[in-house]
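Chemist: Once you've had a glance at the structure underneath, I'll fire off some questions.
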Amino acid sequence: MASHWEEFYSTHLPPSDFEDNRKLLKEFCERHNKSNQRIVLVTSGGTTVPLEHNTVRFVDNFSAGTRGAASAEYFLEHGYTVIFLHRVKSLEPFTRHFTGQMFMDMLELNERGPSTTITVKPDCVDIVAPILARYKNAQETGRILYVTFTTVSDYFWLLRAACECLAAFEAKALLYLAAAVSDFYIPSNEMPTHKIQSGAGAPTISLQLVPKMLAPLVSLWVPHAYVVSFKLETDDSILITKARDAMTKYKHKLVIGNILQSRRYRVVFVTPENNYEVILTREQMLNGLELEDSIVDNVIACHSDFLSAVTYKF
Ligand code: PAZ
């Protein structure tokens with residue numbers, strides 16, 4: 001009998017641009033695997049759960065992709081190659097610093113003389129220049145690949161495709177699964193084709209559990225990689241137990257737990273050996289520091305230990 005996750009792939013079609021993305025992932029991984037560098041898959045943002053095939057309405061979640069976008073920047077800074085698998089229109093590395101009208105407000109339009117020029121306002125240069133320099137470096141060295149998803153089904157297809165390409169990196173591959181993936185969905189064969197009509201009265205929507213993809217991911221798709229999953233809760237009293245349960249069940253090496261309201265300044269690292277907090281003080285926050293800087297530092301230290309242990313074994 002097919003397992004729940006296998007059944008999912010056999011009953012849900014891949015996204016329409018899947019083959020293009022798979023090709024991009026394959027080429028990117030083949031190019032970077034030659035350079036013997038470490039690579040990280042960062043997943044980021046929330047998945048949607050469509051209510052109709054011709055989707056007018058969908059269930060969504062809170063995630064803006066802040067954690068993933070910020071972490072991707074820090075991984076690049078530490079020399080990692082990055083696959084950034086993110087929700088369409090969620091925050092992205094580098095551009096995340098200029099949301100809303102902020103970027104426009106940093107520019108000056110100079111219309112005097114025969115040609116129009118646009119410049120960055122002198123008092124904004126110090127803000128824009130370092131971010132632009134890091135962005136240019138990542139682009140010019142080709143060390144980041146952006147791949148987007150919208151629905152939970154798109155996400156699962158792309159996650160497996162990315163893992164299939166990352167398997168060749170063995171222990172040099174790090175999976176940093178920060179996306180907020182829906183636990184519930186409407187299976188394709190139970191979804192109406194067209195817009196749900198209000199004339200038929202208030203609909204009863206029945207959601208089902210999504211397959212737990214962490215199981216095949218850890219044991220089959222990337223069995224030698226260092227896998228980090230995130231666990232979000234709203235009740236602090238169950239956070240560590242839930243994180244540890246996940247680690248025991250899926251047998252990966254690190255679960256990072258966080259609480260919705262405090263996720264910007266506190267996370268808990270749950271490892272097979274212990275738990276420890278990584279926090280950002282109020283003062284650090286006021287000085288513009290980000291928790292992701294410390295999270296990524298700690299994750300890289302764990303990945304390095306893992307790599308040394310694996311290398312030592314051989
Ligand atoms: O995207 P964001 O920065 O607003 O939030 C980050 C987060 C809470 C989605 C992430 O840290 C996380 O916990 N992701 C996993 C969620 C889960 O499936 O439990």
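Every chain in the structure tokens takes a letter, A first, then B, and so on in the order presented; its residues are numbered from 1, and the ligands are numbered from 1 following the presented order.
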Determine which residues of stretch 102-161 of chain A DSSP labels as strand (DSSP E) from the backbone of this structure, then write them out as a PyMOL selection string.
Modeler: chain A and resi 107-110+117-120+144-149
Chemist: Quick one: contact table of chain A to ligand 1, 6 Å max, nearest atom pair and distance in Å to one decimal per residue, counting only C-alpha atoms and all ligand atoms, chain and number order, as a Markdown table?
Modeler:
| residue | atom | partner | partner_atom_place_in_ligand_line | distance |
| --- | --- | --- | --- | --- |
| A:Gly45 | CA | ligand 1 | 1 (O) | 5.0 |
| A:Ser63 | CA | ligand 1 | 1 (O) | 3.9 |
| A:Ala64 | CA | ligand 1 | 1 (O) | 4.4 |
| A:Gly65 | CA | ligand 1 | 1 (O) | 3.4 |
| A:Thr66 | CA | ligand 1 | 3 (O) | 3.6 |
| A:Arg67 | CA | ligand 1 | 3 (O) | 3.7 |
| A:Ala178 | CA | ligand 1 | 14 (N) | 4.1 |
| A:Ala179 | CA | ligand 1 | 14 (N) | 4.9 |
| A:Ala180 | CA | ligand 1 | 16 (C) | 4.1 |
| A:Val181 | CA | ligand 1 | 18 (O) | 5.1 |
| A:Phe230 | CA | ligand 1 | 15 (C) | 4.3 |
| A:Lys231 | CA | ligand 1 | 19 (O) | 3.7 |
| A:Leu232 | CA | ligand 1 | 19 (O) | 3.7 |
| A:Asn258 | CA | ligand 1 | 13 (O) | 5.8 |
Chemist: Okay, now the selection with all heavy atoms, as a short mmCIF file (atom, residue, chain, number, x, y, z; two decimals), in the first residue's frame?
Modeler:
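After the write, selection_23.cif holds the following:
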data_model
loop_
_atom_site.label_atom_id
_atom_site.label_comp_id
_atom_site.auth_asym_id
_atom_site.auth_seq_id
_atom_site.Cartn_x
_atom_site.Cartn_y
_atom_site.Cartn_z
N GLY A 45 8.17 31.67 4.23
CA GLY A 45 6.83 32.19 3.93
C GLY A 45 5.77 31.12 4.16
O GLY A 45 6.06 29.96 4.45
N SER A 63 2.63 34.03 8.07
CA SER A 63 4.07 34.20 7.82
C SER A 63 4.37 35.20 6.70
O SER A 63 3.82 35.10 5.60
CB SER A 63 4.69 32.85 7.47
OG SER A 63 6.00 33.03 7.01
N ALA A 64 5.28 36.14 7.01
CA ALA A 64 5.67 37.13 6.01
C ALA A 64 6.98 36.74 5.34
O ALA A 64 7.42 37.38 4.39
CB ALA A 64 5.83 38.49 6.69
N GLY A 65 7.64 35.71 5.89
CA GLY A 65 8.93 35.30 5.32
C GLY A 65 10.11 36.09 5.85
O GLY A 65 11.20 36.04 5.27
N THR A 66 9.93 36.75 6.96
CA THR A 66 11.03 37.55 7.54
C THR A 66 12.19 36.66 7.96
O THR A 66 13.35 36.93 7.62
CB THR A 66 10.53 38.32 8.80
OG1 THR A 66 9.32 38.97 8.45
CG2 THR A 66 11.55 39.31 9.29
N ARG A 67 11.86 35.59 8.68
CA ARG A 67 12.91 34.67 9.18
C ARG A 67 13.73 34.11 8.02
O ARG A 67 14.96 34.12 8.04
CB ARG A 67 12.23 33.52 9.93
CG ARG A 67 13.14 32.42 10.36
CD ARG A 67 13.79 32.70 11.70
NE ARG A 67 12.92 32.41 12.81
CZ ARG A 67 12.67 33.23 13.84
NH1 ARG A 67 13.22 34.40 13.89
NH2 ARG A 67 11.87 32.87 14.82
N ALA A 178 12.14 26.84 7.31
CA ALA A 178 11.48 27.90 8.10
C ALA A 178 10.10 28.28 7.55
O ALA A 178 9.42 29.12 8.15
CB ALA A 178 12.38 29.14 8.15
N ALA A 179 9.70 27.69 6.44
CA ALA A 179 8.37 28.04 5.88
C ALA A 179 7.27 27.58 6.84
O ALA A 179 7.42 26.58 7.55
CB ALA A 179 8.20 27.37 4.52
N ALA A 180 6.18 28.34 6.84
CA ALA A 180 5.02 27.97 7.66
C ALA A 180 4.08 27.17 6.76
O ALA A 180 3.30 27.73 5.99
CB ALA A 180 4.34 29.21 8.19
N VAL A 181 4.24 25.86 6.82
CA VAL A 181 3.52 24.97 5.90
C VAL A 181 2.21 24.52 6.54
O VAL A 181 2.21 24.05 7.68
CB VAL A 181 4.40 23.74 5.57
CG1 VAL A 181 3.70 22.83 4.57
CG2 VAL A 181 5.74 24.19 5.02
N PHE A 230 11.69 23.92 11.87
CA PHE A 230 11.20 24.91 12.84
C PHE A 230 9.86 24.42 13.37
O PHE A 230 9.09 23.77 12.65
CB PHE A 230 11.02 26.28 12.18
CG PHE A 230 12.31 27.05 12.05
CD1 PHE A 230 13.22 26.74 11.06
CD2 PHE A 230 12.61 28.07 12.93
CE1 PHE A 230 14.42 27.44 10.94
CE2 PHE A 230 13.80 28.79 12.82
CZ PHE A 230 14.70 28.46 11.83
N LYS A 231 9.57 24.78 14.60
CA LYS A 231 8.28 24.43 15.19
C LYS A 231 7.69 25.70 15.80
O LYS A 231 8.31 26.34 16.65
CB LYS A 231 8.53 23.36 16.26
CG LYS A 231 7.42 23.05 17.19
CD LYS A 231 6.23 22.36 16.58
CE LYS A 231 6.42 20.97 16.06
NZ LYS A 231 5.31 20.48 15.24
N LEU A 232 6.53 26.06 15.31
CA LEU A 232 5.85 27.25 15.83
C LEU A 232 4.70 26.82 16.73
O LEU A 232 3.92 25.95 16.36
CB LEU A 232 5.29 28.10 14.69
CG LEU A 232 4.48 29.30 15.20
CD1 LEU A 232 5.39 30.46 15.55
CD2 LEU A 232 3.46 29.74 14.18
N ASN A 258 9.77 28.16 18.29
CA ASN A 258 9.47 29.58 18.56
C ASN A 258 7.98 29.77 18.83
O ASN A 258 7.15 28.97 18.42
CB ASN A 258 9.98 30.52 17.47
CG ASN A 258 9.60 30.17 16.04
OD1 ASN A 258 9.92 30.91 15.11
ND2 ASN A 258 8.92 29.07 15.81
#
Chemist: Taking the backbone alone, and naming residues the way the document does, which bits of stretch 181-288 of chain A are helix (DSSP H, G or I) by DSSP, as an MDAnalysis selection string?
Modeler: chainID A and resid 188:190 198:200 214:221 236:250 260:262 282:286
Chemist: Any chance you could export the current selection's C-alpha atoms as a CSV table (one decimal), in the first residue's frame?
Modeler:
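Generated file (result.csv):
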chain,number,residue,atom,x,y,z
A,188,SER,CA,-7.5,17.8,-5.2
A,189,ASN,CA,-10.4,15.3,-5.8
A,190,GLU,CA,-12.5,16.9,-3.1
A,198,SER,CA,-23.0,31.9,-1.8
A,199,GLY,CA,-26.5,31.1,-3.2
A,200,ALA,CA,-26.1,27.5,-2.0
A,214,LEU,CA,9.7,15.5,6.9
A,215,ALA,CA,9.5,11.7,7.2
A,216,PRO,CA,10.6,10.8,3.6
A,217,LEU,CA,12.7,13.9,3.4
A,218,VAL,CA,15.0,12.8,6.3
A,219,SER,CA,15.0,9.1,5.7
A,220,LEU,CA,14.9,8.9,1.8
A,221,TRP,CA,15.4,12.2,-0.1
A,236,ASP,CA,4.9,28.1,25.5
A,237,SER,CA,4.1,25.2,27.9
A,238,ILE,CA,4.1,22.7,25.0
A,239,LEU,CA,6.8,24.1,22.7
A,240,ILE,CA,9.8,22.0,23.9
A,241,THR,CA,7.8,18.8,24.1
A,242,LYS,CA,6.4,19.3,20.6
A,243,ALA,CA,9.8,20.1,19.2
A,244,ARG,CA,11.4,17.1,20.9
A,245,ASP,CA,8.6,14.8,19.7
A,246,ALA,CA,9.2,16.0,16.1
A,247,MET,CA,12.9,15.2,16.4
A,248,THR,CA,12.3,11.8,17.9
A,249,LYS,CA,9.7,11.0,15.2
A,250,TYR,CA,11.6,12.2,12.2
A,260,LEU,CA,4.3,33.4,17.6
A,261,GLN,CA,4.5,36.6,19.7
A,262,SER,CA,8.1,36.3,20.7
A,282,ARG,CA,16.1,44.8,23.9
A,283,GLU,CA,19.3,46.8,23.5
A,284,GLN,CA,20.5,44.6,20.6
A,285,MET,CA,17.1,45.1,18.9
A,286,LEU,CA,17.4,48.8,19.3
Chemist: For stretch 14-76 of chain A against stretch 298-305 of chain A, with a cut-off of 12 Å and counting only C-alpha atoms, what is the closest atom pair and its distance in Å to one decimal for every residue that makes the cut, ordered by chain and number, as a tab-separated table?
Modeler:
residue	atom	partner	partner_atom	distance
A:Arg38	CA	A:His303	CA	9.7
A:Ile39	CA	A:His303	CA	10.9
A:Val40	CA	A:Ile300	CA	10.2
A:Ser71	CA	A:Val299	CA	10.4
A:Tyr74	CA	A:Ile300	CA	10.3
A:Phe75	CA	A:Ile300	CA	8.4
A:Leu76	CA	A:Ile300	CA	11.6
Chemist: For C-alpha atoms, I'd like the residues from the last selection saved as a compact mmCIF listing (two decimals), in the first residue's frame.
Modeler:
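Final output, part.txt:
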# COMPACT_ATOMS: atom_id res chain seq x y z
CA ARG A 38 28.34 24.08 1.62
CA ILE A 39 24.81 24.66 0.40
CA VAL A 40 21.61 25.52 2.26
CA SER A 71 18.56 33.98 7.36
CA TYR A 74 23.39 35.56 6.82
CA PHE A 75 24.06 32.19 5.18
CA LEU A 76 25.43 34.01 2.13
Chemist: Residues near A:Glu73, anyone? I mean within 10 Å using only C-alpha atoms, not counting same-chain ones fewer than 5 positions away, as a ChimeraX atom specification.
Modeler: /A:68,78,80,82,92-94,131,134-135,138,144,292-293,296
Chemist: Can you measure atom CA of A:His12 to atom CA of A:Val147 for me? One decimal in Å is fine.
Modeler: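 Result for atom CA of A:His12 versus atom CA of A:Val147: 19.6 Å, one decimal.
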Chemist: Considering only C-alpha atoms, state which residue in the set A:Glu7, A:Asp235, A:Glu273, A:Glu290 is at the smallest distance from A:Pro211.
Modeler: A:Glu7
Chemist: Could you check how far atom CA of A:Asn275 sits from atom CA of A:Gly257, in Å to one decimal?
Modeler: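 Separating atom CA of A:Asn275 from atom CA of A:Gly257 is a distance of 9.9 Å.
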Chemist: Quick one: everything within 7 Å of A:Val42, counting only C-alpha atoms, minus sequence neighbours fewer than 2 positions away in the same chain. Send it as a list in words.
Modeler: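 Skipping anything fewer than 2 positions along the chain leaves Val40, Ser44, Gly68, Ala72, Ile83, Phe84, Leu85, Leu175, Tyr176, Leu177 and Ala178 of chain A.
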Chemist: For the atom pair atom CA of A:Tyr146 and atom CA of A:His86, what is the interatomic distance in Å to one decimal place?
Modeler: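 These two atoms are separated by 7.5 Å.
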Chemist: My list of candidates is A:His97, A:Lys212, A:Arg87, A:Lys253. Which is closest to A:Phe149 when distances are computed with only C-alpha atoms?
Modeler: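 Checking each of A:His97, A:Lys212, A:Arg87, A:Lys253 against A:Phe149, counting only C-alpha atoms, the winner is A:Arg87.
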Chemist: Using only C-alpha atoms, which of A:Ala173, A:Leu209, A:Ile118, A:Ala167 sits nearest A:Pro187?
Modeler: A:Leu209
Chemist: Rank nothing, just name the residue among A:Asp60, A:Glu27, A:Glu77, A:Asp17 nearest to A:Asp297, using only C-alpha atoms.
Modeler: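 The closest residue to A:Asp297 is A:Glu77.
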Chemist: What's the 12 Å shell around A:Phe8, counting only C-alpha atoms, without same-chain residues fewer than 5 positions away, as a ChimeraX atom specification?
Modeler: /A:2-3,13-14,152-154,156-157,185-189,208-213
Chemist: Suppose we keep N, CA, C and O atoms; can you now write the selection as a PDB file, in the first residue's frame?
Modeler:
ATOM      1  N   ALA A   2       0.519   2.242  -0.847  1.00  0.00           N
ATOM      2  CA  ALA A   2       1.325   3.472  -0.917  1.00  0.00           C
ATOM      3  C   ALA A   2       1.172   4.255   0.390  1.00  0.00           C
ATOM      4  O   ALA A   2       0.108   4.249   1.002  1.00  0.00           O
ATOM      5  N   SER A   3       2.270   4.886   0.815  1.00  0.00           N
ATOM      6  CA  SER A   3       2.182   5.692   2.046  1.00  0.00           C
ATOM      7  C   SER A   3       1.440   6.997   1.723  1.00  0.00           C
ATOM      8  O   SER A   3       1.233   7.347   0.554  1.00  0.00           O
ATOM      9  N   LEU A  13      -1.274  17.171  -9.069  1.00  0.00           N
ATOM     10  CA  LEU A  13      -0.403  17.532 -10.188  1.00  0.00           C
ATOM     11  C   LEU A  13       0.652  18.536  -9.743  1.00  0.00           C
ATOM     12  O   LEU A  13       0.400  19.364  -8.861  1.00  0.00           O
ATOM     13  N   PRO A  14       1.830  18.497 -10.358  1.00  0.00           N
ATOM     14  CA  PRO A  14       2.836  19.520 -10.046  1.00  0.00           C
ATOM     15  C   PRO A  14       2.397  20.887 -10.558  1.00  0.00           C
ATOM     16  O   PRO A  14       1.547  20.962 -11.450  1.00  0.00           O
ATOM     17  N   VAL A 152       0.260  24.829  -0.903  1.00  0.00           N
ATOM     18  CA  VAL A 152       0.973  23.794  -0.152  1.00  0.00           C
ATOM     19  C   VAL A 152       1.406  22.669  -1.090  1.00  0.00           C
ATOM     20  O   VAL A 152       2.480  22.082  -0.922  1.00  0.00           O
ATOM     21  N   SER A 153       0.603  22.430  -2.122  1.00  0.00           N
ATOM     22  CA  SER A 153       0.954  21.386  -3.079  1.00  0.00           C
ATOM     23  C   SER A 153       2.190  21.795  -3.904  1.00  0.00           C
ATOM     24  O   SER A 153       3.129  21.006  -4.077  1.00  0.00           O
ATOM     25  N   ASP A 154       2.224  23.045  -4.365  1.00  0.00           N
ATOM     26  CA  ASP A 154       3.415  23.548  -5.099  1.00  0.00           C
ATOM     27  C   ASP A 154       4.656  23.352  -4.225  1.00  0.00           C
ATOM     28  O   ASP A 154       5.707  22.922  -4.678  1.00  0.00           O
ATOM     29  N   PHE A 156       5.261  21.269  -1.773  1.00  0.00           N
ATOM     30  CA  PHE A 156       5.719  19.879  -1.629  1.00  0.00           C
ATOM     31  C   PHE A 156       6.438  19.393  -2.885  1.00  0.00           C
ATOM     32  O   PHE A 156       7.451  18.704  -2.802  1.00  0.00           O
ATOM     33  N   TRP A 157       5.910  19.756  -4.048  1.00  0.00           N
ATOM     34  CA  TRP A 157       6.568  19.340  -5.291  1.00  0.00           C
ATOM     35  C   TRP A 157       7.975  19.943  -5.380  1.00  0.00           C
ATOM     36  O   TRP A 157       8.938  19.263  -5.739  1.00  0.00           O
ATOM     37  N   TYR A 185      -5.345  20.649   4.452  1.00  0.00           N
ATOM     38  CA  TYR A 185      -5.619  21.043   3.062  1.00  0.00           C
ATOM     39  C   TYR A 185      -6.870  20.338   2.563  1.00  0.00           C
ATOM     40  O   TYR A 185      -7.426  19.463   3.260  1.00  0.00           O
ATOM     41  N   ILE A 186      -7.294  20.734   1.359  1.00  0.00           N
ATOM     42  CA  ILE A 186      -8.407  20.025   0.722  1.00  0.00           C
ATOM     43  C   ILE A 186      -7.805  19.220  -0.427  1.00  0.00           C
ATOM     44  O   ILE A 186      -7.217  19.807  -1.347  1.00  0.00           O
ATOM     45  N   PRO A 187      -7.892  17.905  -0.379  1.00  0.00           N
ATOM     46  CA  PRO A 187      -7.321  17.108  -1.469  1.00  0.00           C
ATOM     47  C   PRO A 187      -7.951  17.489  -2.812  1.00  0.00           C
ATOM     48  O   PRO A 187      -9.133  17.865  -2.874  1.00  0.00           O
ATOM     49  N   SER A 188      -7.140  17.384  -3.840  1.00  0.00           N
ATOM     50  CA  SER A 188      -7.539  17.799  -5.177  1.00  0.00           C
ATOM     51  C   SER A 188      -8.894  17.213  -5.613  1.00  0.00           C
ATOM     52  O   SER A 188      -9.740  17.914  -6.177  1.00  0.00           O
ATOM     53  N   ASN A 189      -9.107  15.935  -5.321  1.00  0.00           N
ATOM     54  CA  ASN A 189     -10.351  15.290  -5.792  1.00  0.00           C
ATOM     55  C   ASN A 189     -11.579  15.690  -4.971  1.00  0.00           C
ATOM     56  O   ASN A 189     -12.688  15.308  -5.281  1.00  0.00           O
ATOM     57  N   GLN A 208      -8.346  18.177   5.442  1.00  0.00           N
ATOM     58  CA  GLN A 208      -7.698  16.924   5.863  1.00  0.00           C
ATOM     59  C   GLN A 208      -6.251  17.202   6.246  1.00  0.00           C
ATOM     60  O   GLN A 208      -5.694  18.230   5.878  1.00  0.00           O
ATOM     61  N   LEU A 209      -5.643  16.255   6.916  1.00  0.00           N
ATOM     62  CA  LEU A 209      -4.243  16.429   7.329  1.00  0.00           C
ATOM     63  C   LEU A 209      -3.315  16.282   6.130  1.00  0.00           C
ATOM     64  O   LEU A 209      -3.496  15.360   5.323  1.00  0.00           O
ATOM     65  N   VAL A 210      -2.336  17.158   6.019  1.00  0.00           N
ATOM     66  CA  VAL A 210      -1.348  16.998   4.944  1.00  0.00           C
ATOM     67  C   VAL A 210      -0.384  15.873   5.353  1.00  0.00           C
ATOM     68  O   VAL A 210      -0.182  15.630   6.549  1.00  0.00           O
ATOM     69  N   PRO A 211       0.233  15.205   4.384  1.00  0.00           N
ATOM     70  CA  PRO A 211       1.218  14.189   4.764  1.00  0.00           C
ATOM     71  C   PRO A 211       2.425  14.853   5.420  1.00  0.00           C
ATOM     72  O   PRO A 211       2.777  15.986   5.078  1.00  0.00           O
ATOM     73  N   LYS A 212       3.046  14.176   6.339  1.00  0.00           N
ATOM     74  CA  LYS A 212       4.234  14.728   7.023  1.00  0.00           C
ATOM     75  C   LYS A 212       5.464  14.460   6.154  1.00  0.00           C
ATOM     76  O   LYS A 212       6.050  13.371   6.193  1.00  0.00           O
ATOM     77  N   MET A 213       5.813  15.439   5.347  1.00  0.00           N
ATOM     78  CA  MET A 213       6.889  15.238   4.362  1.00  0.00           C
ATOM     79  C   MET A 213       8.277  15.146   5.001  1.00  0.00           C
ATOM     80  O   MET A 213       9.237  14.753   4.347  1.00  0.00           O
TER      81      MET A 213
END
Chemist: Looking at A:Tyr9, A:Asn36, A:Met106, A:Phe269, which one is nearest to A:Ala171, with distances taken over only C-alpha atoms?
Modeler: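 Ranked by minimum distance to A:Ala171, first place goes to A:Asn36.
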